Amino acid sequence: MCGIVGYVGRSEAAPILLDGLRRLEYRGYDSAGVAIVNGETIETRKCAGRIANLAKLMTERPPAGQYGISHTRWATHGKVTDENAHPHFDHSGKIALVHNGVIENYAALREQLVREVGHKFTSDTDTEVLAHLIGSIYEQLDGKDSKARLVNATRAALKQVIGTYGIALVHAHIKDFLVGARRGSPLVLGVGKDENFLASDVSAIVAHTRDAVYLNDFDIVAVSRDTFEISSVGGDTGSYQISRVEFGAEDVNRGEFPHYMLKEIFEQADSVRDAMRGRLNTEECTAKLGGLNMTAAQLRDVTRIVLTGCGTALHAALVGEYLIEQLASLPVEVEYASEFRHRNTPMSGNTLVFAISQSGETADTLGALRESRRKGYRTLGICNNVASTVARESDGGVYMHAGPEIGVAATKSFTSQLVILTLIGLLLGRMRHLSTSEGSLIIEALEALPGQIESVLKLSDHIRAIAKEYVSVNGILFFGRQFNFPIALEGALKMKEITYLFAEGHPSAELKHGIIALVRPDLPSVFIAPDDAVFSKNLNNIEQVKARKGPIIALTSGDGRKQLKGIANDIIEIPRAADVVTPVLTVIPLQLLAYHMAVELGLDVDKPRNLAKSVTVE
Ligand code: M6R
């Protein structure tokens, strides 16, 4: 939540900062702003609303200068107003600062600054307090080296802060110089030639450089045009490694697609292929997951698995529960990451915990990961974002390799998570009771997926027509059983977050326990009923809705179409697949249904209201 970009170099900063913000808009879009140093003046443009509003301001009054900072906001403290938009300034007006995170003790610090040094504040934000605190300490410090003084003031201020931050700041009188720091919110340093960058995410800077240093918590970085120096808030000299970003600028463009979400839905044949690339051992009919950093003996000793995550990742975990229990006969529990820390979940020494997160930066998931490690459990990550905090703080894990996911609604990361959980089930299963022939069937089913996904994607026009039919409804119900019960939850989540329609997902059999009271002619039900072991049971539930005149959209495969003819109002037919991999195919039509409904409703698919892609606050 919130995105920051900083630039120092020989080019004009304005277009670089603005372009970077556009790439980070998925992190929040309540307001945006830039501060660029021109001579000894800081030129600021900021306003409430989307980056398009800021771009207009910057066109009307272009800010000049070759270094500066910028921000796109997801509001936490203070309403969405021009005054609360970042950058914020210190008391002297010479230091400008942008911030991603939450300063929890801001009220006490603010009160202290008012009481002791008579500071006045112009916004309701926690960020402005941090800017004032740094400025106040800077004024008190001696020393001719103003760069070192600014770094030391930042360090001293951050020592007083409770909370999370990814920050970038400039001083009007310190030429060609930025300071950045992080704790709990991501910050990456982009290393260029005669230019350097700071950003919340490499996608903001990958058009300029693919060399990046992923900063660690408590790192402070002093950045000039041709050099940088990393130290810690504690004062130690930091060690760092320059990594090569694995994707390029073209990967973060929408290409010919009208929305990132649609592009990412259509990338799923490739992303699913990438999730299993090099990980299938066809000879021994098992999976190879070296990143788990566990020996076969250690894996064999595991007696229980906990899967944790939030939102879409939690739904993947729920599918994972069915998968791993079926393939490996191991007890699996799924925990909302946000609740995990607040429960006394009984855990034995042989419990293995997986934290699932596309971004690898979700605060709740990180909280669960840290709690699990604190209690001494081996904790592994399943992430997309290489070098993310989840990846770095885990004992090992599996990368999704799905490429950047920019649409706020998670799509391709979900199917990659499903593939990885199947691989984990296969690996653990083959060490236990799963036979070679069963293992071989799973591998065949996985290998068939990319081709089957291509067929499902061809249904997009058909699904658009269905979306048009139902565009005026007030809500939608989603039902599924077994592996596809979590897909009903995921279908409802996609629908809610981008169409703002009331939507709920349930196990089909729960209908008769209460939900059936909702059924009426203007409330459609989507049934996920592939031709699988529970098809006939799903069919009973579909009949129950039909008998009460509820419209039915049925998602089916194989012989399902024949049996649903004359019962379902609309049928979406996907290829028949082994039950364990079916969710990878059933979720895609639901992603498309939500997408086409949102487009029909004229909504902003990639930037749904009130949401942000990466939820770095609790
Ligand atoms: O980055 P993460 O996978 O940790 O994100 C978790 C959720 O915030 C995320 O899946 C959210 O629910 C999506 N907007 C769903 O589309």
# chains A, B, ... in the order shown; residues from 1 in each chain; ligands from 1

call {"tool": "residues_near_ligand", "arguments": {"ligand": "ligand 1", "cutoff": "7 Å", "atoms": "only C-alpha atoms and all ligand atoms", "output": "PyMOL selection string"}}
result
chain A and resi 309-313+356-362+365+408-411+493-494+613-615

call {"tool": "write_last_selection", "arguments": {"atoms": "C-alpha atoms", "output": "mmCIF file, in the first residue's frame"}}
result
data_model
loop_
_atom_site.group_PDB
_atom_site.id
_atom_site.type_symbol
_atom_site.label_atom_id
_atom_site.label_comp_id
_atom_site.auth_asym_id
_atom_site.auth_seq_id
_atom_site.Cartn_x
_atom_site.Cartn_y
_atom_site.Cartn_z
ATOM 1 C CA GLY A 309 -2.184 -16.493 3.623
ATOM 2 C CA CYS A 310 -4.821 -13.841 2.926
ATOM 3 C CA GLY A 311 -7.502 -13.266 0.309
ATOM 4 C CA THR A 312 -6.819 -15.165 -2.879
ATOM 5 C CA ALA A 313 -3.731 -16.829 -1.385
ATOM 6 C CA ILE A 356 1.542 -18.140 0.657
ATOM 7 C CA SER A 357 1.786 -14.644 -0.799
ATOM 8 C CA GLN A 358 2.044 -13.262 -4.308
ATOM 9 C CA SER A 359 3.697 -10.048 -3.194
ATOM 10 C CA GLY A 360 5.591 -11.559 -0.299
ATOM 11 C CA GLU A 361 4.963 -8.275 1.518
ATOM 12 C CA THR A 362 1.470 -8.736 2.982
ATOM 13 C CA THR A 365 1.109 -13.044 6.199
ATOM 14 C CA VAL A 408 -5.223 -5.541 -8.105
ATOM 15 C CA ALA A 409 -7.368 -8.649 -8.546
ATOM 16 C CA ALA A 410 -5.025 -11.636 -8.248
ATOM 17 C CA THR A 411 -5.394 -14.056 -11.158
ATOM 18 C CA LEU A 493 -14.063 -12.620 -4.151
ATOM 19 C CA LYS A 494 -13.195 -11.684 -7.750
ATOM 20 C CA LYS A 613 -2.485 -4.658 -4.478
ATOM 21 C CA SER A 614 -0.024 -5.126 -1.718
ATOM 22 C CA VAL A 615 -1.528 -4.829 1.761
#

call {"tool": "residues_around", "arguments": {"residues": "stretch 9-16 of chain A", "least_positions_apart": "2", "cutoff": "7 Å", "atoms": "only C-alpha atoms", "output": "number ranges by chain"}}
result
A: 7, 18-20, 63-68, 194-196, 225

call {"tool": "select_by_dssp", "arguments": {"residues": "stretch 348-429 of chain A", "states": "alpha helix (DSSP H)", "output": "VMD selection string"}}
result
chain A and resid 363 to 374 389 to 393 412 to 429

call {"tool": "residues_around", "arguments": {"residues": "A:Leu459", "least_positions_apart": "3", "cutoff": "10 Å", "atoms": "only C-alpha atoms", "output": "compact mmCIF listing (two decimals) with C-alpha atoms, in the first residue's frame"}}
result
# COMPACT_ATOMS: atom_id res chain seq x y z
CA GLU A 454 -5.62 -22.18 -23.90
CA SER A 455 -9.00 -23.85 -24.63
CA VAL A 456 -10.62 -22.24 -21.59
CA HIS A 462 -19.02 -16.67 -24.61
CA ILE A 463 -18.47 -15.58 -21.02
CA ARG A 464 -18.73 -11.92 -22.04
CA ILE A 572 -19.67 -22.90 -19.62
CA GLU A 573 -17.86 -26.04 -20.73
CA ILE A 574 -14.22 -26.59 -19.88
CA ILE A 588 -10.38 -19.02 -15.11
CA PRO A 589 -14.00 -18.68 -16.38
CA LEU A 592 -13.35 -13.81 -16.89

call {"tool": "atom_distance", "arguments": {"atom1": "atom CA of A:Glu438", "atom2": "atom CA of A:Ser329"}}
result
13.7 Å
